[in-house]
Amino acid sequence: MLVLLTGGITSCQQAPLPDYARSPEIVQKRAELQKKLLEFLPAHQQNAARQEATWLADTAYCGAAAIARYNDPLFVNWLNNRVVNTRSHIRQRGLCWHYQHDMFRELRRRPLRFFRIGCCARDIGTGSEHHVVYLTGRREKWPRVILLDAWWSNGRLKVDDTCDPAEWKDDGNAARRLGSIYPEGHRLPLEHWAMVRRGSRYNDYVYSHSEEAQESDQWHHMQEQMKQGMERRKGKVIDY
């Protein structure tokens with residue numbers, strides 16, 4: 001009962017405020033993630049990789065919070081899933097794999113020398129799948145990774161450096177597809193979506209760069225959101 005109650009409380013949160021990732025508590029967590037990333041590397045590489053690890057840690061926490069603010073989640077993440085998966089489109093986005101795609105997008109804004117980004121999922125084929133991104137050393141192999149979940153607490157990044165391969169499965173196909181949309185060093189704005197819903201069915205999604213995507217209402221909505229975001233930020237692709 002305590003576990004269920006705790007899970008319910010942690011998932012019942014609105015998106016973080018803009019200064020969330022700069023609070024002393026989160027600054028400390030960013031430093032802890034940087035340290036965990038450097039532990040993937042041999043000692044002789046760690047000094048050279050420190051700046052890259054710092055950027056990844058900072059982007060993970062700041063990006064997760066910004067993604068949630070843009071997606072404007074409801075108070076409970078599982079309820080948010082329900083209103084996304086409706087014909088009336090009460091919410092355009094907010095599923096766990098939306099957050100996975102968005103986190104991948106943010107972490108690909110810089111070419112990496114020492115680390116790499118991947119995708120993974122658990123409970124595949126059960127109807128209750130959960131999707132996140134992971135970080136690891138450039139030469140490390142699955143499952144020695146750090147899981148980054150921006151969805152679970154609505155933008156308050158959940159970091160897990162224990163990956164049970166019986167529970168989680170590496171999703172190389174998702175990483176390759178997203179990598180083609182978001183090459184390292186890309187300049188696509190915060191409002192860009194890797195996939196858009198083509199029709200009214202909850203699971204009818206296509207990649208946003210496809211011709212059929214351009215006929216969908218969500219694609220046009222995304223274009224307008226990107227335009228407004230760039231105007232608001234005076235030409236900057238992100239504001240965190």
# chains A, B, ... in the order shown; residues from 1 in each chain; ligands from 1

call {"tool": "select_by_dssp", "arguments": {"residues": "stretch 36-191 of chain A", "states": "strand (DSSP E or B)", "output": "number ranges by chain"}}
result
A: 76, 115-122, 130-137, 146-149, 158-160, 168-170

call {"tool": "residues_around", "arguments": {"residues": "A:His186", "least_positions_apart": "4", "cutoff": "9 Å", "atoms": "only C-alpha atoms", "output": "ChimeraX atom specification"}}
result
/A:105,108-110,181-182

call {"tool": "write_last_selection", "arguments": {"atoms": "all heavy atoms", "output": "tab-separated table (two decimals), in the first residue's frame"}}
result
chain	number	residue	atom	x	y	z
A	105	ARG	N	15.53	14.24	-28.61
A	105	ARG	CA	15.75	15.46	-29.40
A	105	ARG	C	16.65	16.44	-28.66
A	105	ARG	O	17.61	16.97	-29.22
A	105	ARG	CB	14.40	16.11	-29.69
A	105	ARG	CG	14.46	17.42	-30.50
A	105	ARG	CD	13.14	18.16	-30.43
A	105	ARG	NE	12.85	18.56	-29.06
A	105	ARG	CZ	11.64	18.45	-28.49
A	105	ARG	NH1	10.61	17.95	-29.15
A	105	ARG	NH2	11.47	18.85	-27.24
A	108	ARG	N	20.38	15.44	-28.35
A	108	ARG	CA	21.12	15.36	-29.61
A	108	ARG	C	21.52	16.73	-30.13
A	108	ARG	O	21.98	16.86	-31.27
A	108	ARG	CB	20.26	14.65	-30.65
A	108	ARG	CG	20.00	13.19	-30.36
A	108	ARG	CD	21.12	12.30	-30.81
A	108	ARG	NE	21.11	12.14	-32.26
A	108	ARG	CZ	21.91	11.31	-32.93
A	108	ARG	NH1	22.79	10.57	-32.28
A	108	ARG	NH2	21.84	11.21	-34.24
A	109	ARG	N	21.40	17.74	-29.32
A	109	ARG	CA	21.73	19.09	-29.78
A	109	ARG	C	23.24	19.35	-29.84
A	109	ARG	O	23.68	20.40	-30.32
A	109	ARG	CB	21.08	20.14	-28.87
A	109	ARG	CG	19.56	20.13	-28.94
A	109	ARG	CD	18.93	21.33	-28.29
A	109	ARG	NE	17.48	21.30	-28.41
A	109	ARG	CZ	16.79	21.61	-29.49
A	109	ARG	NH1	17.44	22.02	-30.57
A	109	ARG	NH2	15.48	21.54	-29.52
A	110	ARG	N	24.01	18.39	-29.41
A	110	ARG	CA	25.46	18.56	-29.39
A	110	ARG	C	26.11	17.24	-29.82
A	110	ARG	O	25.73	16.17	-29.34
A	110	ARG	CB	25.92	18.92	-27.98
A	110	ARG	CG	27.41	18.81	-27.74
A	110	ARG	CD	27.76	19.20	-26.32
A	110	ARG	NE	29.18	18.91	-26.05
A	110	ARG	CZ	29.91	19.58	-25.18
A	110	ARG	NH1	29.36	20.56	-24.48
A	110	ARG	NH2	31.19	19.28	-24.98
A	181	ILE	N	16.04	11.61	-37.60
A	181	ILE	CA	15.25	12.84	-37.51
A	181	ILE	C	16.03	13.93	-36.78
A	181	ILE	O	15.98	15.11	-37.15
A	181	ILE	CB	13.92	12.57	-36.78
A	181	ILE	CG1	13.09	11.55	-37.56
A	181	ILE	CG2	13.13	13.85	-36.56
A	181	ILE	CD1	11.88	11.04	-36.81
A	182	TYR	N	16.77	13.52	-35.75
A	182	TYR	CA	17.54	14.45	-34.93
A	182	TYR	C	19.02	14.11	-34.98
A	182	TYR	O	19.57	13.49	-34.06
A	182	TYR	CB	17.04	14.40	-33.48
A	182	TYR	CG	15.58	14.72	-33.32
A	182	TYR	CD1	14.70	13.77	-32.77
A	182	TYR	CD2	15.05	15.93	-33.75
A	182	TYR	CE1	13.35	14.06	-32.62
A	182	TYR	CE2	13.70	16.22	-33.62
A	182	TYR	CZ	12.86	15.28	-33.06
A	182	TYR	OH	11.52	15.56	-32.92

call {"tool": "residues_around", "arguments": {"residues": "stretch 154-161 of chain A", "least_positions_apart": "6", "cutoff": "6 Å", "atoms": "only C-alpha atoms", "output": "number ranges by chain"}}
result
A: 15, 61, 64-65, 68, 146-148

call {"tool": "residues_around", "arguments": {"residues": "stretch 237-240 of chain A", "least_positions_apart": "5", "cutoff": "10 Å", "atoms": "only C-alpha atoms", "output": "number ranges by chain"}}
result
A: 18-19, 21, 58-59, 62-63, 65-66, 106, 187-192, 226, 229-232

call {"tool": "residues_around", "arguments": {"residues": "stretch 93-103 of chain A", "least_positions_apart": "6", "cutoff": "7 Å", "atoms": "only C-alpha atoms", "output": "PyMOL selection string"}}
result
chain A and resi 63-64+67+71+73+80-81+84+130-133+150-151+194

call {"tool": "closest_residue", "arguments": {"among": "A:Gly235, A:Ala175, A:Ser23, A:Thr54", "to": "A:Lys35", "atoms": "only C-alpha atoms"}}
result
A:Thr54

call {"tool": "select_by_dssp", "arguments": {"residues": "stretch 135-210 of chain A", "states": "helix (DSSP H, G or I)", "output": "PyMOL selection string"}}
result
chain A and resi 172-181

call {"tool": "atom_distance", "arguments": {"atom1": "atom CA of A:Arg30", "atom2": "atom CA of A:Leu135"}}
result
13.8 Å

call {"tool": "residues_around", "arguments": {"residues": "stretch 210-223 of chain A", "least_positions_apart": "5", "cutoff": "8 Å", "atoms": "only C-alpha atoms", "output": "short mmCIF file (atom, residue, chain, number, x, y, z; two decimals) with all heavy atoms, in the first residue's frame"}}
result
data_model
loop_
_atom_site.label_atom_id
_atom_site.label_comp_id
_atom_site.auth_asym_id
_atom_site.auth_seq_id
_atom_site.Cartn_x
_atom_site.Cartn_y
_atom_site.Cartn_z
N GLN A 92 -2.81 17.41 -26.95
CA GLN A 92 -2.16 16.96 -28.18
C GLN A 92 -1.09 15.91 -27.89
O GLN A 92 -0.91 14.97 -28.65
CB GLN A 92 -1.51 18.16 -28.90
CG GLN A 92 -2.50 19.16 -29.45
CD GLN A 92 -3.15 18.71 -30.73
OE1 GLN A 92 -2.66 17.83 -31.42
NE2 GLN A 92 -4.29 19.31 -31.05
N GLU A 191 9.54 22.75 -29.98
CA GLU A 191 8.18 22.35 -30.34
C GLU A 191 8.13 21.31 -31.45
O GLU A 191 7.03 20.91 -31.86
CB GLU A 191 7.37 23.59 -30.78
CG GLU A 191 7.19 24.64 -29.71
CD GLU A 191 8.39 25.58 -29.55
OE1 GLU A 191 9.30 25.53 -30.41
OE2 GLU A 191 8.41 26.35 -28.58
N HIS A 192 9.27 20.86 -31.95
CA HIS A 192 9.25 19.86 -33.03
C HIS A 192 8.94 18.48 -32.48
O HIS A 192 9.45 18.07 -31.45
CB HIS A 192 10.60 19.82 -33.75
CG HIS A 192 10.58 18.91 -34.93
ND1 HIS A 192 10.85 17.55 -34.85
CD2 HIS A 192 10.28 19.15 -36.24
CE1 HIS A 192 10.74 17.01 -36.05
NE2 HIS A 192 10.40 17.95 -36.91
N TRP A 193 8.06 17.75 -33.19
CA TRP A 193 7.67 16.40 -32.79
C TRP A 193 8.19 15.40 -33.81
O TRP A 193 8.11 15.62 -35.01
CB TRP A 193 6.15 16.27 -32.73
CG TRP A 193 5.46 17.31 -31.90
CD1 TRP A 193 6.03 18.13 -30.97
CD2 TRP A 193 4.07 17.65 -31.96
NE1 TRP A 193 5.08 18.94 -30.42
CE2 TRP A 193 3.88 18.68 -31.01
CE3 TRP A 193 2.99 17.19 -32.70
CZ2 TRP A 193 2.62 19.26 -30.80
CZ3 TRP A 193 1.74 17.76 -32.48
CH2 TRP A 193 1.57 18.78 -31.54
N VAL A 196 3.50 12.57 -35.54
CA VAL A 196 2.21 13.26 -35.38
C VAL A 196 1.09 12.26 -35.61
O VAL A 196 1.26 11.26 -36.32
CB VAL A 196 2.06 14.45 -36.34
CG1 VAL A 196 3.12 15.51 -36.07
CG2 VAL A 196 2.14 13.99 -37.80
N ARG A 197 -0.05 12.56 -35.01
CA ARG A 197 -1.21 11.69 -35.19
C ARG A 197 -1.87 12.04 -36.52
O ARG A 197 -2.24 13.17 -36.77
CB ARG A 197 -2.19 11.87 -34.03
CG ARG A 197 -3.35 10.91 -34.09
CD ARG A 197 -3.98 10.63 -32.74
NE ARG A 197 -4.26 11.83 -31.96
CZ ARG A 197 -4.76 11.79 -30.72
NH1 ARG A 197 -5.00 10.64 -30.13
NH2 ARG A 197 -5.00 12.91 -30.07
N ARG A 198 -2.03 11.02 -37.35
CA ARG A 198 -2.54 11.24 -38.71
C ARG A 198 -4.05 11.42 -38.74
O ARG A 198 -4.58 12.26 -39.47
CB ARG A 198 -2.13 10.06 -39.59
CG ARG A 198 -2.66 10.14 -41.02
CD ARG A 198 -2.07 9.03 -41.85
NE ARG A 198 -2.22 7.72 -41.19
CZ ARG A 198 -1.73 6.59 -41.69
NH1 ARG A 198 -1.03 6.62 -42.82
NH2 ARG A 198 -1.89 5.45 -41.06
N GLY A 199 -4.76 10.62 -37.95
CA GLY A 199 -6.22 10.68 -37.95
C GLY A 199 -6.78 10.76 -36.55
O GLY A 199 -6.11 11.19 -35.62
#

call {"tool": "residues_around", "arguments": {"residues": "A:Pro111", "least_positions_apart": "6", "cutoff": "10 Å", "atoms": "only C-alpha atoms", "output": "PyMOL selection string"}}
result
chain A and resi 52+183-186
